[in-house]
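work14.cif follows; it contains mmCIF, C-alpha atoms and all ligand atoms.
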```
data_target
loop_
_atom_site.label_atom_id
_atom_site.label_comp_id
_atom_site.auth_asym_id
_atom_site.auth_seq_id
_atom_site.Cartn_x
_atom_site.Cartn_y
_atom_site.Cartn_z
CA MET X 1 -106.35 384.77 33.11
CA GLN X 2 -105.08 381.86 31.00
CA THR X 3 -105.89 378.25 31.79
CA ILE X 4 -103.51 375.29 31.97
CA MET X 5 -105.07 371.94 31.11
CA ILE X 6 -103.84 368.84 32.91
CA LEU X 7 -104.79 365.77 30.91
CA ASN X 8 -104.41 362.31 32.42
CA GLY X 9 -104.86 359.11 30.45
CA PRO X 10 -105.74 355.51 31.25
CA ASN X 11 -105.45 354.03 34.72
CA LEU X 12 -104.36 357.28 36.35
CA ASN X 13 -107.71 357.31 38.16
CA LEU X 14 -106.20 354.41 40.15
CA LEU X 15 -103.31 356.48 41.55
CA GLY X 16 -102.79 355.80 45.24
CA LYS X 17 -103.76 352.14 45.05
CA ARG X 18 -102.09 351.30 41.72
CA GLU X 19 -98.55 349.84 42.11
CA PRO X 20 -97.64 352.30 44.92
CA GLY X 21 -94.00 351.15 44.80
CA ILE X 22 -93.81 352.75 41.33
CA TYR X 23 -96.37 355.55 41.41
CA GLY X 24 -96.42 356.43 45.13
CA ALA X 25 -99.28 356.94 47.56
CA HIS X 26 -100.75 360.14 46.12
CA THR X 27 -104.25 359.87 44.68
CA LEU X 28 -105.45 361.66 41.54
CA ALA X 29 -107.36 364.03 43.86
CA ASP X 30 -104.04 364.85 45.56
CA VAL X 31 -102.50 365.54 42.14
CA GLU X 32 -105.41 367.82 41.27
CA SER X 33 -104.97 369.84 44.43
CA LEU X 34 -101.19 370.08 43.87
CA CYS X 35 -101.91 371.34 40.33
CA ARG X 36 -104.53 373.81 41.61
CA ASP X 37 -101.96 375.29 44.02
CA ALA X 38 -99.26 375.45 41.33
CA CYS X 39 -101.61 377.15 38.84
CA ALA X 40 -102.74 379.65 41.49
CA ARG X 41 -99.11 380.48 42.32
CA HIS X 42 -98.50 381.28 38.65
CA GLY X 43 -101.73 383.20 38.15
CA HIS X 44 -103.39 380.58 35.95
CA ALA X 45 -106.69 378.74 36.08
CA LEU X 46 -106.76 374.93 36.12
CA ASP X 47 -108.68 372.54 33.88
CA PHE X 48 -107.97 369.07 35.29
CA ARG X 49 -109.15 365.94 33.42
CA GLN X 50 -108.70 362.17 33.32
CA SER X 51 -110.03 359.65 30.82
CA ASN X 52 -109.47 355.99 30.11
CA HIS X 53 -110.58 356.52 26.49
CA GLU X 54 -108.24 357.51 23.65
CA GLY X 55 -110.94 359.37 21.69
CA VAL X 56 -111.88 361.49 24.72
CA LEU X 57 -108.19 362.46 25.08
CA ILE X 58 -108.06 363.36 21.37
CA ASP X 59 -111.16 365.55 21.71
CA ALA X 60 -109.62 367.29 24.73
CA LEU X 61 -106.43 368.05 22.77
CA HIS X 62 -108.48 369.50 19.89
CA GLU X 63 -110.43 371.65 22.35
CA ALA X 64 -107.15 372.76 23.97
CA GLY X 65 -105.74 373.79 20.58
CA THR X 66 -108.81 375.93 19.88
CA ARG X 67 -108.62 377.57 23.32
CA GLN X 68 -104.87 378.15 22.94
CA ALA X 69 -105.38 379.80 19.54
CA ALA X 70 -107.93 382.12 21.17
CA GLY X 71 -105.34 383.12 23.79
CA LEU X 72 -107.28 381.45 26.59
CA LEU X 73 -104.98 378.50 27.30
CA ALA X 74 -101.22 378.36 27.99
CA GLY X 75 -100.87 374.67 27.13
CA VAL X 76 -101.41 371.11 28.28
CA VAL X 77 -99.55 368.90 30.75
CA PHE X 78 -100.23 365.46 29.33
CA ASN X 79 -99.71 362.17 31.12
CA ALA X 80 -100.95 359.83 28.40
CA GLY X 81 -100.24 356.72 30.50
CA ALA X 82 -99.75 353.61 28.37
CA TYR X 83 -101.10 355.40 25.27
CA THR X 84 -97.73 357.22 25.30
CA HIS X 85 -96.16 354.06 23.96
CA THR X 86 -98.86 353.07 21.46
CA SER X 87 -100.83 355.99 20.09
CA VAL X 88 -100.08 357.56 16.72
CA ALA X 89 -103.54 359.14 17.00
CA LEU X 90 -102.54 361.16 20.08
CA HIS X 91 -99.32 362.26 18.34
CA ASP X 92 -101.39 363.40 15.36
CA ALA X 93 -103.91 365.18 17.62
CA ILE X 94 -101.17 367.29 19.26
CA LYS X 95 -99.67 368.19 15.87
CA GLY X 96 -103.04 368.73 14.24
CA ALA X 97 -104.30 371.00 17.00
CA SER X 98 -100.97 372.90 17.20
CA VAL X 99 -101.24 372.71 20.96
CA ARG X 100 -98.32 373.22 23.38
CA VAL X 101 -97.91 369.98 25.30
CA ILE X 102 -95.50 368.92 28.02
CA GLU X 103 -95.32 365.13 28.26
CA LEU X 104 -95.34 364.02 31.88
CA HIS X 105 -94.65 360.70 33.60
CA ILE X 106 -94.66 360.12 37.32
CA SER X 107 -92.23 357.22 36.99
CA ASN X 108 -88.91 357.17 35.13
CA VAL X 109 -90.14 355.27 32.09
CA HIS X 110 -86.56 354.95 30.80
CA ALA X 111 -85.55 352.89 33.84
CA ARG X 112 -88.48 350.50 33.34
CA GLU X 113 -89.45 347.87 30.76
CA PRO X 114 -88.14 348.44 27.21
CA PHE X 115 -91.70 348.85 25.86
CA ARG X 116 -91.95 352.07 27.92
CA HIS X 117 -88.83 353.60 26.37
CA HIS X 118 -90.53 354.74 23.18
CA SER X 119 -92.95 357.66 23.18
CA PHE X 120 -95.23 358.73 20.35
CA ILE X 121 -95.97 361.90 22.34
CA ALA X 122 -92.39 363.18 22.78
CA PRO X 123 -91.75 364.22 19.14
CA ALA X 124 -94.92 366.34 19.25
CA ALA X 125 -94.23 367.82 22.70
CA ILE X 126 -92.24 370.90 23.67
CA GLY X 127 -90.65 369.00 26.56
CA VAL X 128 -90.75 365.87 28.67
CA ILE X 129 -90.67 365.36 32.44
CA ALA X 130 -90.32 361.82 33.80
CA GLY X 131 -89.39 360.20 37.07
CA LEU X 132 -89.86 363.13 39.44
CA GLY X 133 -93.04 361.79 40.98
CA VAL X 134 -96.19 363.89 41.19
CA GLN X 135 -94.07 367.04 41.74
CA GLY X 136 -93.35 366.79 38.02
CA TYR X 137 -96.84 368.22 37.43
CA ALA X 138 -95.90 371.40 39.33
CA LEU X 139 -92.67 371.71 37.33
CA ALA X 140 -94.54 371.32 34.05
CA ILE X 141 -97.07 373.96 35.11
CA ALA X 142 -94.20 376.34 35.96
CA ALA X 143 -92.70 375.76 32.49
CA LEU X 144 -95.99 376.47 30.70
CA ALA X 145 -96.70 379.49 32.90
CA GLY X 146 -93.20 380.76 32.09
CA GLY X 147 -94.26 380.95 28.47
CA LYS X 148 -92.18 378.07 27.08
CA GLU X 149 -92.87 378.18 23.35
CA ALA X 150 -93.23 375.33 20.91
C1 LIG X 201 -96.92 356.60 33.32
C2 LIG X 201 -95.90 355.63 32.72
C3 LIG X 201 -96.57 354.76 31.66
O1 LIG X 201 -95.61 353.87 31.11
C4 LIG X 201 -97.67 353.94 32.29
O2 LIG X 201 -98.32 353.17 31.30
C5 LIG X 201 -98.65 354.79 33.03
C6 LIG X 201 -98.14 355.88 33.87
C7 LIG X 201 -96.31 357.43 34.48
O3 LIG X 201 -96.94 358.42 34.87
O4 LIG X 201 -95.24 357.08 35.00
O5 LIG X 201 -99.84 354.54 33.02
O6 LIG X 201 -97.33 357.51 32.32
#
```

Take the structure I supplied and represent it as structure tokens, if you would.
Ligand code: DQA
Amino acid sequence: MQTIMILNGPNLNLLGKREPGIYGAHTLADVESLCRDACARHGHALDFRQSNHEGVLIDALHEAGTRQAAGLLAGVVFNAGAYTHTSVALHDAIKGASVRVIELHISNVHAREPFRHHSFIAPAAIGVIAGLGVQGYALAIAALAGGKEA
């Protein structure tokens, strides 16, 4: 059974109490259980993580690339939070690890402030989901489980 990694970046631990008008009322624990159900439906195991630290996210992407190369991992659903808009290092980590990544945003970043319109992750990702709320995680899992290739 292959694993799907869900990787959440900075401030996503605050889901549920963080700007609920933008991100909704679901907590990160709710997102984890939604992802667990979606992975189970598709016959995959779940590896669910969150970190506020860029280097920890980079290490997770490297680990994911190694596990993918060994046939153990289908890919990563990555909500990089604000690092999406700032981090060349995360872009390089995805490319360097040759890992299949779907970029995910709960909110529609393109309908928000101009500084959220640029993504360093998107050019290294196989696809992007934004603005569909936490259900976007389930859609991204379905895409990875369906074997979407880089
Ligand atoms: C976010 C959008 C980012 O712009 C923001 O910095 C986040 C969350 C989202 O899920 O909508 O932290 O990635």

Ligand LIG 201 (chain X): which residues are within 9 Å, counting only C-alpha atoms and all ligand atoms, as JSON, numbers by chain? {"X": [8, 9, 10, 11, 12, 22, 23, 78, 79, 80, 81, 82, 83, 84, 85, 103, 104, 105, 106, 107, 108, 109, 112, 113, 115, 116, 117, 130, 131, 133, 134]}

With distances taken over all atoms listed in the file, the candidate from X:Ala93, X:Val101, X:Leu7, X:Leu144 nearest Gln50 of chain X is X:Leu7

Residues near Ala97 of chain X, anyone? I mean within 7 Å using all atoms listed in the file, not counting same-chain ones fewer than 6 positions away, as a PyMOL selection string. chain X and resi 61-62+65

The residue from X:Asp92, X:Asp47, X:Glu63, X:Glu54 with the smallest atom-to-atom distance to Ile4 of chain X, counting all atoms listed in the file, is X:Asp47

Pick out the closest residue to Pro123 of chain X from this set: X:Val76, X:Gly146, X:Ala111, X:Lys95. Count only C-alpha atoms. X:Lys95

Cut-off 9 Å around (-108.1, 374.0, 29.7) with all atoms listed in the file: residues as number ranges by chain: X: 2-7, 45-49, 60, 63-64, 67-68, 72-76

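The space separating atom CA of Ala29 of chain X from atom CA of Tyr137 of chain X comes to 13.0 Å.
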
When you count all atoms listed in the file, which of these residues is closest to Ile102 of chain X: X:Gly55, X:Ala70, X:Leu34, X:Ala143? X:Ala143

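Taking atom CA of Val128 of chain X and atom CA of Ile141 of chain X as the two end points, the separation is 12.1 Å.
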
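The closest residue to Val77 of chain X, picked from X:Val56, X:Leu28, X:Ala125, X:Met1 and counting all atoms listed in the file, is X:Ala125.
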
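In this comparison, which uses all atoms listed in the file, the residue of X:Phe120, X:Ser33, X:Gly136, X:Arg18 approaching Ala89 of chain X most closely is X:Phe120.
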
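Here atom CA of Ala138 of chain X and atom CA of His26 of chain X stand 14.0 Å from one another.
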